[in-house]
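One file, start_2.cif, carrying mmCIF, C-alpha atoms and all ligand atoms:
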data_run
#
loop_
_atom_site.label_atom_id
_atom_site.label_comp_id
_atom_site.auth_asym_id
_atom_site.auth_seq_id
_atom_site.Cartn_x
_atom_site.Cartn_y
_atom_site.Cartn_z
CA MET A 213 20.70 18.20 -141.14
CA LYS A 214 19.60 15.11 -139.23
CA LEU A 215 18.77 15.35 -135.52
CA LEU A 216 18.27 12.68 -132.91
CA VAL A 217 16.08 14.04 -130.10
CA THR A 218 15.83 11.81 -127.05
CA GLY A 219 13.04 12.10 -124.49
CA GLY A 220 10.96 13.86 -127.14
CA ALA A 221 7.64 12.59 -125.79
CA GLY A 222 8.25 14.43 -122.52
CA PHE A 223 7.55 18.05 -121.68
CA ILE A 224 10.46 20.09 -123.06
CA GLY A 225 11.36 17.54 -125.75
CA SER A 226 7.87 17.57 -127.30
CA ASN A 227 7.79 21.39 -127.30
CA PHE A 228 11.25 21.37 -128.92
CA ILE A 229 10.19 18.93 -131.65
CA ARG A 230 7.02 20.86 -132.51
CA TYR A 231 9.04 24.09 -132.76
CA TRP A 232 11.93 22.56 -134.73
CA LEU A 233 9.74 20.85 -137.32
CA ASN A 234 7.90 24.14 -137.90
CA THR A 235 10.97 26.32 -138.15
CA HIS A 236 13.41 23.92 -139.86
CA PRO A 237 11.22 21.94 -142.27
CA GLU A 238 14.26 20.95 -144.32
CA ASP A 239 15.73 18.87 -141.47
CA ARG A 240 15.12 15.23 -140.58
CA LEU A 241 14.37 14.39 -136.95
CA ILE A 242 14.18 11.11 -135.05
CA ASN A 243 12.45 11.11 -131.67
CA LEU A 244 13.67 8.30 -129.40
CA ASP A 245 11.71 7.93 -126.17
CA VAL A 246 11.21 5.00 -123.82
CA LEU A 247 7.74 6.34 -122.86
CA SER A 248 8.14 6.30 -119.10
CA TYR A 249 5.23 7.59 -116.98
CA ALA A 250 6.32 11.13 -117.99
CA GLY A 251 6.45 10.45 -121.72
CA ASN A 252 3.17 10.78 -123.57
CA VAL A 253 2.60 10.42 -127.31
CA GLU A 254 -0.39 12.77 -126.86
CA ASN A 255 2.22 15.53 -126.39
CA LEU A 256 3.07 15.00 -130.07
CA ARG A 257 -0.52 15.08 -131.29
CA GLY A 258 -0.82 16.45 -134.82
CA ILE A 259 2.82 15.77 -135.71
CA LYS A 260 2.65 13.27 -138.54
CA GLU A 261 5.28 10.62 -139.16
CA SER A 262 6.95 11.25 -142.49
CA LYS A 263 10.34 11.00 -144.19
CA LYS A 264 11.27 14.03 -142.09
CA TYR A 265 9.99 12.85 -138.69
CA THR A 266 10.09 9.41 -137.08
CA PHE A 267 9.06 8.36 -133.59
CA MET A 268 10.83 5.38 -132.11
CA LYS A 269 10.04 3.80 -128.76
CA GLY A 270 13.31 2.84 -127.12
CA ASN A 271 15.90 3.42 -124.45
CA ILE A 272 18.98 5.63 -124.84
CA GLY A 273 20.87 2.82 -123.09
CA ASN A 274 20.07 0.31 -125.88
CA ARG A 275 23.36 0.02 -127.76
CA LYS A 276 22.02 -2.13 -130.62
CA LEU A 277 19.10 0.17 -131.27
CA LEU A 278 21.36 3.25 -131.24
CA GLU A 279 23.77 1.64 -133.69
CA LYS A 280 20.85 1.37 -136.13
CA VAL A 281 19.06 4.65 -135.37
CA MET A 282 22.13 6.88 -135.37
CA LYS A 283 23.18 6.42 -138.97
CA ASP A 284 24.07 9.86 -140.41
CA VAL A 285 22.89 11.76 -137.34
CA ASP A 286 24.53 15.22 -137.18
CA ILE A 287 23.11 16.58 -133.92
CA VAL A 288 21.90 14.87 -130.74
CA VAL A 289 19.73 16.74 -128.24
CA ASN A 290 19.45 14.65 -125.09
CA PHE A 291 16.34 15.49 -123.07
CA ALA A 292 15.84 11.88 -121.89
CA ALA A 293 15.97 11.68 -118.12
CA GLU A 294 14.10 11.00 -114.93
CA THR A 295 13.26 14.48 -113.72
CA HIS A 296 11.23 14.72 -110.53
CA VAL A 297 13.19 15.53 -107.35
CA ASP A 298 10.55 14.02 -105.03
CA ARG A 299 10.73 10.69 -106.89
CA SER A 300 14.54 10.75 -106.70
CA LEU A 301 14.30 11.08 -102.93
CA GLU A 302 12.06 7.98 -102.86
CA ASP A 303 14.26 5.85 -105.14
CA SER A 304 17.38 7.23 -106.77
CA SER A 305 18.37 4.02 -108.61
CA VAL A 306 16.15 4.69 -111.62
CA PHE A 307 17.68 8.20 -111.87
CA PHE A 308 21.23 6.85 -112.03
CA ASN A 309 20.23 4.08 -114.46
CA ASN A 310 18.62 6.50 -116.92
CA ASN A 311 20.40 9.81 -116.38
CA VAL A 312 23.93 8.42 -116.10
CA ILE A 313 24.34 4.77 -117.16
CA ALA A 314 21.95 4.86 -120.13
CA ALA A 315 23.30 8.31 -121.08
CA SER A 316 26.85 6.90 -121.09
CA VAL A 317 25.79 4.46 -123.85
CA LEU A 318 24.27 7.30 -125.88
CA TYR A 319 27.50 9.30 -125.42
CA LYS A 320 29.71 6.45 -126.57
CA ILE A 321 27.65 5.62 -129.67
CA SER A 322 27.49 9.34 -130.53
CA ILE A 323 31.29 9.46 -130.42
CA LYS A 324 31.50 6.33 -132.57
CA LYS A 325 29.04 7.76 -135.11
CA ARG A 326 30.97 11.05 -135.16
CA VAL A 327 28.01 13.33 -134.45
CA LYS A 328 28.90 16.99 -134.96
CA LYS A 329 27.29 18.38 -131.79
CA PHE A 330 25.80 16.78 -128.73
CA ILE A 331 23.55 19.04 -126.65
CA GLN A 332 23.25 17.67 -123.14
CA ILE A 333 20.22 19.20 -121.43
CA SER A 334 21.36 19.71 -117.86
CA THR A 335 19.82 21.90 -115.18
CA ASP A 336 20.58 24.84 -112.88
CA GLU A 337 20.08 22.42 -109.98
CA VAL A 338 23.61 21.02 -110.45
CA PHE A 339 24.94 24.20 -108.81
CA GLY A 340 23.13 23.53 -105.54
CA GLU A 341 21.40 26.33 -103.64
CA LEU A 342 22.02 30.04 -103.10
CA PRO A 343 21.43 31.84 -99.80
CA GLY A 344 17.74 32.81 -99.51
CA ASP A 345 18.59 36.53 -99.24
CA GLY A 346 21.06 38.51 -101.35
CA ASN A 347 21.46 38.98 -105.08
CA SER A 348 23.98 36.30 -106.04
CA LYS A 349 23.24 34.21 -109.13
CA PHE A 350 24.69 31.13 -110.77
CA ASP A 351 26.51 31.39 -114.07
CA GLU A 352 28.55 29.09 -116.31
CA ASN A 353 31.56 29.36 -113.96
CA SER A 354 29.67 28.39 -110.81
CA ARG A 355 30.95 25.38 -108.93
CA TYR A 356 28.89 22.19 -109.13
CA ASN A 357 27.36 21.42 -105.75
CA PRO A 358 24.24 19.25 -106.37
CA GLN A 359 22.19 18.61 -103.27
CA ASN A 360 19.45 16.13 -104.16
CA PRO A 361 19.63 12.73 -105.90
CA TYR A 362 18.13 14.09 -109.15
CA SER A 363 20.67 16.91 -109.43
CA VAL A 364 23.50 14.58 -108.40
CA SER A 365 22.58 12.27 -111.32
CA LYS A 366 22.44 15.23 -113.73
CA ALA A 367 25.82 16.49 -112.47
CA ALA A 368 27.32 13.01 -112.93
CA ALA A 369 26.05 12.96 -116.54
CA ASP A 370 27.70 16.37 -117.14
CA PHE A 371 31.03 15.27 -115.65
CA LEU A 372 30.97 12.08 -117.70
CA ALA A 373 30.28 14.08 -120.87
CA PHE A 374 33.24 16.37 -120.14
CA SER A 375 35.52 13.41 -119.47
CA TYR A 376 34.61 12.03 -122.92
CA HIS A 377 35.18 15.48 -124.38
CA LYS A 378 38.72 15.46 -122.97
CA ALA A 379 39.43 11.82 -123.86
CA TYR A 380 37.77 11.53 -127.28
CA GLY A 381 36.84 15.07 -128.36
CA PHE A 382 33.16 14.33 -127.67
CA PRO A 383 31.46 17.46 -129.15
CA ILE A 384 29.50 18.28 -126.03
CA ILE A 385 27.59 21.46 -125.22
CA ILE A 386 25.72 21.68 -121.92
CA THR A 387 22.66 23.79 -121.11
CA HIS A 388 21.67 24.79 -117.57
CA SER A 389 18.12 26.07 -117.62
CA GLY A 390 15.88 27.18 -114.82
CA ASN A 391 12.47 25.64 -114.10
CA ASN A 392 10.49 25.34 -117.32
CA TYR A 393 6.71 25.70 -117.48
CA GLY A 394 4.21 25.63 -120.34
CA PRO A 395 2.06 23.18 -122.32
CA CYS A 396 2.47 19.40 -121.97
CA GLN A 397 4.15 19.25 -118.56
CA TYR A 398 3.26 16.25 -116.43
CA PRO A 399 1.11 17.59 -113.59
CA GLU A 400 3.34 16.40 -110.76
CA LYS A 401 5.49 19.52 -111.22
CA PHE A 402 4.58 22.68 -109.31
CA ILE A 403 2.98 24.89 -111.99
CA PRO A 404 0.82 22.29 -113.80
CA LEU A 405 -0.15 20.79 -110.44
CA THR A 406 -1.19 24.22 -109.15
CA ILE A 407 -3.18 24.98 -112.31
CA THR A 408 -4.93 21.59 -112.57
CA ASN A 409 -5.75 21.50 -108.85
CA ALA A 410 -7.05 25.07 -108.91
CA LEU A 411 -9.23 24.32 -111.96
CA ALA A 412 -10.63 21.28 -110.13
CA GLY A 413 -11.20 23.27 -106.90
CA LYS A 414 -8.62 21.13 -105.06
CA ASN A 415 -6.03 22.30 -102.53
CA ILE A 416 -2.68 23.53 -103.83
CA PRO A 417 0.17 21.99 -101.85
CA VAL A 418 2.97 24.48 -101.12
CA TYR A 419 6.10 23.10 -99.47
CA GLY A 420 7.25 24.57 -96.12
CA ASN A 421 6.83 28.36 -95.97
CA GLY A 422 6.62 28.70 -99.77
CA LYS A 423 9.59 31.08 -99.81
CA GLN A 424 11.86 28.89 -101.96
CA VAL A 425 12.99 30.90 -104.99
CA ARG A 426 13.18 29.37 -108.47
CA ASN A 427 14.10 30.76 -111.86
CA TRP A 428 11.08 30.24 -114.17
CA ILE A 429 11.32 30.10 -117.94
CA TYR A 430 8.51 29.61 -120.44
CA VAL A 431 9.33 26.42 -122.34
CA GLU A 432 9.25 28.08 -125.78
CA ASP A 433 11.93 30.53 -124.63
CA ASN A 434 14.15 27.63 -123.56
CA VAL A 435 13.49 25.87 -126.88
CA ARG A 436 14.56 29.01 -128.80
CA ALA A 437 17.72 29.19 -126.69
CA ILE A 438 18.50 25.54 -127.50
CA GLU A 439 17.98 26.39 -131.18
CA LYS A 440 20.58 29.20 -130.90
CA ILE A 441 22.97 26.77 -129.21
CA ILE A 442 22.50 24.10 -131.88
CA ILE A 443 23.29 26.65 -134.58
CA HIS A 444 25.93 28.86 -132.91
CA GLY A 445 26.99 27.08 -129.69
CA LYS A 446 30.68 26.34 -129.19
CA ILE A 447 31.79 22.80 -128.44
CA GLY A 448 32.92 22.31 -124.85
CA GLU A 449 30.90 25.30 -123.61
CA ARG A 450 28.03 25.59 -121.15
CA TYR A 451 25.12 28.04 -121.34
CA CYS A 452 22.70 29.21 -118.63
CA ILE A 453 19.13 29.82 -119.81
CA GLY A 454 16.70 31.53 -117.49
CA GLY A 455 13.65 33.72 -117.05
CA GLU A 456 12.36 35.34 -113.86
CA GLU A 457 13.06 34.55 -110.22
CA LEU A 458 9.97 34.11 -108.05
CA LYS A 459 9.09 32.51 -104.74
CA ASN A 460 6.85 29.42 -104.95
CA ILE A 461 4.13 31.17 -102.99
CA GLU A 462 4.21 34.11 -105.44
CA VAL A 463 3.77 31.65 -108.32
CA ALA A 464 0.75 30.00 -106.64
CA GLU A 465 -0.79 33.39 -105.87
CA MET A 466 -0.31 34.69 -109.42
CA ILE A 467 -2.04 31.58 -110.82
CA LEU A 468 -4.95 31.93 -108.40
CA ASP A 469 -5.27 35.64 -109.22
CA ARG A 470 -5.30 34.91 -112.94
CA LEU A 471 -8.07 32.35 -112.38
CA GLY A 472 -9.99 34.81 -110.21
CA LEU A 473 -9.77 32.47 -107.21
CA GLY A 474 -8.99 33.49 -103.64
CA ARG A 475 -6.12 32.17 -101.52
CA LYS A 476 -8.20 29.56 -99.66
CA LEU A 477 -6.95 26.69 -101.82
CA ILE A 478 -3.33 27.22 -100.69
CA ALA A 479 -2.35 24.40 -98.32
CA TYR A 480 1.10 24.57 -96.73
CA VAL A 481 2.53 21.04 -96.43
CA ARG A 482 5.63 19.56 -94.78
CA ASP A 483 8.75 20.73 -96.59
CA ARG A 484 10.65 18.47 -99.00
CA PRO A 485 13.67 16.97 -97.17
CA GLY A 486 16.80 19.00 -97.96
CA HIS A 487 14.76 21.44 -100.08
CA ASP A 488 17.09 23.87 -101.92
CA ARG A 489 16.25 27.44 -100.92
CA LYS A 490 17.08 29.40 -104.02
CA TYR A 491 18.17 29.05 -107.64
CA ALA A 492 18.90 32.18 -109.67
CA LEU A 493 20.64 32.53 -113.02
CA ASN A 494 22.84 35.05 -114.76
CA CYS A 495 22.20 34.50 -118.49
CA SER A 496 24.52 37.23 -119.86
CA LYS A 497 26.57 34.72 -121.87
CA ILE A 498 23.78 33.51 -124.16
CA LYS A 499 22.34 37.03 -124.36
CA ASN A 500 25.65 38.65 -125.31
CA GLU A 501 26.97 35.92 -127.61
CA PHE A 502 23.78 34.98 -129.48
CA GLY A 503 21.37 37.86 -128.83
CA TRP A 504 18.91 35.49 -127.18
CA ARG A 505 16.21 37.03 -124.99
CA ALA A 506 13.22 35.50 -123.22
CA LYS A 507 10.16 36.58 -125.20
CA TYR A 508 7.62 35.98 -122.44
CA SER A 509 7.39 37.58 -118.99
CA PHE A 510 6.26 35.16 -116.29
CA LYS A 511 2.85 36.84 -116.31
CA GLU A 512 2.44 36.27 -120.05
CA GLY A 513 3.83 32.74 -120.02
CA VAL A 514 1.69 31.61 -117.12
CA ALA A 515 -1.43 33.07 -118.79
CA LYS A 516 -0.69 31.00 -121.92
CA THR A 517 -0.04 27.93 -119.78
CA ILE A 518 -3.32 28.32 -117.89
CA GLU A 519 -5.21 28.61 -121.19
CA TRP A 520 -3.57 25.42 -122.44
CA TYR A 521 -4.52 23.43 -119.33
CA LYS A 522 -8.04 24.89 -119.38
CA ASN A 523 -8.61 23.76 -122.96
CA LYS A 524 -7.02 20.40 -122.28
CA SER A 525 -9.30 19.72 -119.32
CA LEU A 526 -12.29 20.80 -121.40
CA LYS A 527 -11.35 18.16 -124.00
CA ILE A 528 -11.06 15.46 -121.31
N1 LIG A 601 11.38 20.60 -116.64
C1 LIG A 601 12.27 21.44 -116.16
O1 LIG A 601 11.92 22.40 -115.48
C2 LIG A 601 13.74 21.24 -116.44
C3 LIG A 601 14.63 22.24 -116.04
C4 LIG A 601 15.99 22.09 -116.33
C5 LIG A 601 16.43 20.96 -116.98
N2 LIG A 601 15.55 19.99 -117.33
C6 LIG A 601 16.05 18.82 -118.05
O2 LIG A 601 15.42 18.79 -119.32
C7 LIG A 601 15.21 17.45 -119.75
C8 LIG A 601 13.76 17.25 -120.10
O3 LIG A 601 12.97 17.54 -118.96
P1 LIG A 601 11.38 17.38 -119.00
O4 LIG A 601 10.84 18.25 -117.94
O5 LIG A 601 10.90 17.52 -120.39
O6 LIG A 601 11.24 15.88 -118.55
P2 LIG A 601 10.01 14.88 -118.65
O7 LIG A 601 10.07 14.07 -117.39
O8 LIG A 601 8.76 15.58 -119.00
O9 LIG A 601 10.39 13.97 -119.90
C9 LIG A 601 11.48 13.09 -119.92
C10 LIG A 601 11.30 12.18 -121.10
O10 LIG A 601 12.45 11.31 -121.18
C11 LIG A 601 12.00 9.99 -121.47
N3 LIG A 601 13.04 9.08 -120.96
C12 LIG A 601 13.42 8.90 -119.67
N4 LIG A 601 14.41 7.98 -119.62
C13 LIG A 601 14.65 7.57 -120.90
C14 LIG A 601 15.55 6.65 -121.47
N5 LIG A 601 16.42 5.95 -120.72
N6 LIG A 601 15.54 6.48 -122.81
C15 LIG A 601 14.66 7.19 -123.59
N7 LIG A 601 13.79 8.06 -123.09
C16 LIG A 601 13.79 8.27 -121.75
C17 LIG A 601 10.66 9.88 -120.77
O11 LIG A 601 9.86 8.84 -121.31
C18 LIG A 601 10.08 11.27 -121.00
O12 LIG A 601 9.35 11.31 -122.21
C19 LIG A 601 15.70 16.58 -118.61
O13 LIG A 601 16.99 16.12 -118.92
C20 LIG A 601 15.73 17.50 -117.40
O14 LIG A 601 16.73 17.10 -116.49
C21 LIG A 601 14.22 20.11 -117.08
#
Target format structure tokens, applied to this file:
Amino acid sequence: MKLLVTGGAGFIGSNFIRYWLNTHPEDRLINLDVLSYAGNVENLRGIKESKKYTFMKGNIGNRKLLEKVMKDVDIVVNFAAETHVDRSLEDSSVFFNNNVIAASVLYKISIKKRVKKFIQISTDEVFGELPGDGNSKFDENSRYNPQNPYSVSKAAADFLAFSYHKAYGFPIIITHSGNNYGPCQYPEKFIPLTITNALAGKNIPVYGNGKQVRNWIYVEDNVRAIEKIIIHGKIGERYCIGGEELKNIEVAEMILDRLGLGRKLIAYVRDRPGHDRKYALNCSKIKNEFGWRAKYSFKEGVAKTIEWYKNKSLKI
């Protein structure tokens, strides 16, 4: 099988590639990444270029390049995107250029090249927010209601993919995962920022009252879910992939406890404008259909993540 993985120098993409090359050594894989500020070839350290694995610097919106690269590709996994909500609030244009317009080119060439499956990596944020109290959760039938420019761009990419599915039989499958954490995440996101600041003795910024709830999934668990979907996923379907729900302040406190540091470093800062209160996921579909389960509790996953950032900072 031949895979095109886009955005594979970023956080989830690089973890996916490392896992896939180890567990499916018979496959060929091309990694296409534009190397934005969030893409880092260091994330792929130790993965050697070979007949089986090629890295290519380039944009998913580059039609000519895709025409060449996509010869005989069976599966596309599209991780390429701008991903940070705060940046989307500053300037949303780059989000729409990459997440929607460039993605539309990748979609069209994938249709032309007759790929067998196209996995569009979406997010739980497209569903908007849940009430802060109560037990309701999003699932695959939840209504789209994105409420920040990042999630609006991701929702637009999903709608476009489904329109191509209806018009041309585009073999789309969409994943909605919760917040990933683990090795190789750019430290602007909450968990790596909290860990790296704590290790450096710096304040840990917590938005508003810190009571926003997120669903947290260790990246390897998400990668194994994507593997199940590549192998067993049904065209035209969507799958929610999640771990544990926790408040941001609980996450910060668990990291500080693990590091044996007190709470003094926690610094409450002005809330993000329009900050979604709560995301929570019901993942029964992928559990029941494919027997997928998260392997790591948040406690275990965060301990592994802390170790990774500790060793990384030692190397630097
Ligand atoms: N990180 C999370 O918690 C999370 C949760 C749910 C969904 N997602 C989705 O998963 C995907 C990957 O997220 P991530 O956290 O690994 O992101 P990331 O920001 O770490 O990496 C994104 C990668 O995409 C590349 N890229 C951006 N635009 C490109 C383009 N036009 N052409 C080629 N490459 C391009 C960047 O260079 C970078 O390497 C995204 O689509 C994101 O929306 C992420």
Who sits within 7 Å of range 392-398 of chain A, all atoms listed in the file, same chain under 5 positions skipped, as an MDAnalysis selection string: chainID A and resid 223 250 255 403:404 428:431 517 520
Using all atoms listed in the file, which of the listed residues (A:Met466, A:Leu215, A:Ile461, A:Ala315) sits closest to ligand LIG 601 (chain A)?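 Closest to ligand LIG 601 (chain A), using all atoms listed in the file: A:Ala315.
When all atoms listed in the file are used to measure the gap to Gly472 in chain A, the shortest distance among A:Thr235, A:Ala293, A:Leu411, A:Ala492 belongs to A:Leu411.
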Residue nearest ligand LIG 601 (chain A) among A:Ser262, A:Asn391, A:Gln359, A:Asn227 (counting all atoms listed in the file): A:Asn391
State, in Å with one decimal place, the distance from CA of Gly474 in chain A to CA of Lys423 in chain A. 19.1 Å
A straight line from CA of Arg355 in chain A to CA of Ile287 in chain A spans 27.6 Å
Set the distance at 9 Å and use only C-alpha atoms: which residues neighbour Ile407 in chain A once local chain neighbours fewer than 3 positions away are removed? I'd like the list as a ChimeraX atom specification. /A:399,402-404,410-412,416,464,467-468,471,517-518,521-522
Considering only C-alpha atoms, return as a PyMOL selection string whatever protein or nucleic-acid residues lie within 12 Å of Gly220 in chain A, sequence-local ones (same chain, fewer than 3 positions apart) excluded. chain A and resi 215-217+223-232+241-248+250-256+259+265-272+288-293+396
When you count only C-alpha atoms and all ligand atoms, which of these residues is closest to ligand LIG 601 (chain A): A:Val306, A:Leu458, A:Leu477, A:Ile384?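 Counting only C-alpha atoms and all ligand atoms, the residue closest to ligand LIG 601 (chain A) is A:Val306.
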Spatial neighbours of range 325-330 of chain A, 12 Å, only C-alpha atoms, chain gap at least 4 places, as a PyMOL selection string: chain A and resi 213-218+278-291+315+318-321+370+373-374+376-377+380-387+438+441-450
Would you mind exporting the chosen residues as an mmCIF file, in the coordinates of the input, restricted to C-alpha atoms?
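Printed below is out27.cif as written:
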data_model
loop_
_atom_site.group_PDB
_atom_site.id
_atom_site.type_symbol
_atom_site.label_atom_id
_atom_site.label_comp_id
_atom_site.auth_asym_id
_atom_site.auth_seq_id
_atom_site.Cartn_x
_atom_site.Cartn_y
_atom_site.Cartn_z
ATOM 1 C CA MET A 213 20.700 18.200 -141.140
ATOM 2 C CA LYS A 214 19.600 15.110 -139.230
ATOM 3 C CA LEU A 215 18.770 15.350 -135.520
ATOM 4 C CA LEU A 216 18.270 12.680 -132.910
ATOM 5 C CA VAL A 217 16.080 14.040 -130.100
ATOM 6 C CA THR A 218 15.830 11.810 -127.050
ATOM 7 C CA LEU A 278 21.360 3.250 -131.240
ATOM 8 C CA GLU A 279 23.770 1.640 -133.690
ATOM 9 C CA LYS A 280 20.850 1.370 -136.130
ATOM 10 C CA VAL A 281 19.060 4.650 -135.370
ATOM 11 C CA MET A 282 22.130 6.880 -135.370
ATOM 12 C CA LYS A 283 23.180 6.420 -138.970
ATOM 13 C CA ASP A 284 24.070 9.860 -140.410
ATOM 14 C CA VAL A 285 22.890 11.760 -137.340
ATOM 15 C CA ASP A 286 24.530 15.220 -137.180
ATOM 16 C CA ILE A 287 23.110 16.580 -133.920
ATOM 17 C CA VAL A 288 21.900 14.870 -130.740
ATOM 18 C CA VAL A 289 19.730 16.740 -128.240
ATOM 19 C CA ASN A 290 19.450 14.650 -125.090
ATOM 20 C CA PHE A 291 16.340 15.490 -123.070
ATOM 21 C CA ALA A 315 23.300 8.310 -121.080
ATOM 22 C CA LEU A 318 24.270 7.300 -125.880
ATOM 23 C CA TYR A 319 27.500 9.300 -125.420
ATOM 24 C CA LYS A 320 29.710 6.450 -126.570
ATOM 25 C CA ILE A 321 27.650 5.620 -129.670
ATOM 26 C CA ASP A 370 27.700 16.370 -117.140
ATOM 27 C CA ALA A 373 30.280 14.080 -120.870
ATOM 28 C CA PHE A 374 33.240 16.370 -120.140
ATOM 29 C CA TYR A 376 34.610 12.030 -122.920
ATOM 30 C CA HIS A 377 35.180 15.480 -124.380
ATOM 31 C CA TYR A 380 37.770 11.530 -127.280
ATOM 32 C CA GLY A 381 36.840 15.070 -128.360
ATOM 33 C CA PHE A 382 33.160 14.330 -127.670
ATOM 34 C CA PRO A 383 31.460 17.460 -129.150
ATOM 35 C CA ILE A 384 29.500 18.280 -126.030
ATOM 36 C CA ILE A 385 27.590 21.460 -125.220
ATOM 37 C CA ILE A 386 25.720 21.680 -121.920
ATOM 38 C CA THR A 387 22.660 23.790 -121.110
ATOM 39 C CA ILE A 438 18.500 25.540 -127.500
ATOM 40 C CA ILE A 441 22.970 26.770 -129.210
ATOM 41 C CA ILE A 442 22.500 24.100 -131.880
ATOM 42 C CA ILE A 443 23.290 26.650 -134.580
ATOM 43 C CA HIS A 444 25.930 28.860 -132.910
ATOM 44 C CA GLY A 445 26.990 27.080 -129.690
ATOM 45 C CA LYS A 446 30.680 26.340 -129.190
ATOM 46 C CA ILE A 447 31.790 22.800 -128.440
ATOM 47 C CA GLY A 448 32.920 22.310 -124.850
ATOM 48 C CA GLU A 449 30.900 25.300 -123.610
ATOM 49 C CA ARG A 450 28.030 25.590 -121.150
#
If I take CA of Asp239 in chain A and CA of Arg257 in chain A, how far is one from the other in Å, to one decimal?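 Pair CA of Asp239 in chain A / CA of Arg257 in chain A returns 19.5 Å.
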Among the residues A:Gln332, A:Ser304, A:Asn353, A:Ser389, the one that comes closest to ligand LIG 601 (chain A) [using all atoms listed in the file]: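 Among A:Gln332, A:Ser304, A:Asn353, A:Ser389, it is A:Ser389 that comes nearest to ligand LIG 601 (chain A).
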With distances taken over all atoms listed in the file, which residue among A:Ile331, A:Ala314, A:Cys452, A:Leu342 lies nearest ligand LIG 601 (chain A)? A:Ala314
Find the residues around Asn421 in chain A up to 10 Å (all atoms listed in the file counted), leave out those fewer than 2 positions away in its own chain, and share them as a ChimeraX atom specification. /A:418-419,423-424,459-461,480-483
Using C-alpha atoms, give me range 380-403 of chain A from the structure I just pasted, as an mmCIF file, in the first residue's frame.
data_model
loop_
_atom_site.group_PDB
_atom_site.id
_atom_site.type_symbol
_atom_site.label_atom_id
_atom_site.label_comp_id
_atom_site.auth_asym_id
_atom_site.auth_seq_id
_atom_site.Cartn_x
_atom_site.Cartn_y
_atom_site.Cartn_z
ATOM 1 C CA TYR A 380 -17.775 12.623 -7.269
ATOM 2 C CA GLY A 381 -17.782 9.731 -4.788
ATOM 3 C CA PHE A 382 -14.731 11.204 -3.026
ATOM 4 C CA PRO A 383 -13.785 8.348 -0.614
ATOM 5 C CA ILE A 384 -13.738 10.526 2.473
ATOM 6 C CA ILE A 385 -13.602 9.448 6.112
ATOM 7 C CA ILE A 386 -13.498 12.125 8.806
ATOM 8 C CA THR A 387 -12.018 11.855 12.304
ATOM 9 C CA HIS A 388 -13.023 14.116 15.196
ATOM 10 C CA SER A 389 -10.476 13.755 17.954
ATOM 11 C CA GLY A 390 -10.165 15.545 21.249
ATOM 12 C CA ASN A 391 -7.073 17.506 22.307
ATOM 13 C CA ASN A 392 -3.956 15.447 21.634
ATOM 14 C CA TYR A 393 -0.856 15.594 23.815
ATOM 15 C CA GLY A 394 2.466 13.754 23.757
ATOM 16 C CA PRO A 395 5.954 14.002 22.236
ATOM 17 C CA CYS A 396 6.796 16.549 19.518
ATOM 18 C CA GLN A 397 4.002 19.070 20.127
ATOM 19 C CA TYR A 398 4.907 22.688 19.480
ATOM 20 C CA PRO A 399 5.040 24.351 22.904
ATOM 21 C CA GLU A 400 2.408 26.989 22.201
ATOM 22 C CA LYS A 401 -0.297 24.426 23.053
ATOM 23 C CA PHE A 402 -1.444 24.088 26.653
ATOM 24 C CA ILE A 403 0.245 20.852 27.811
#
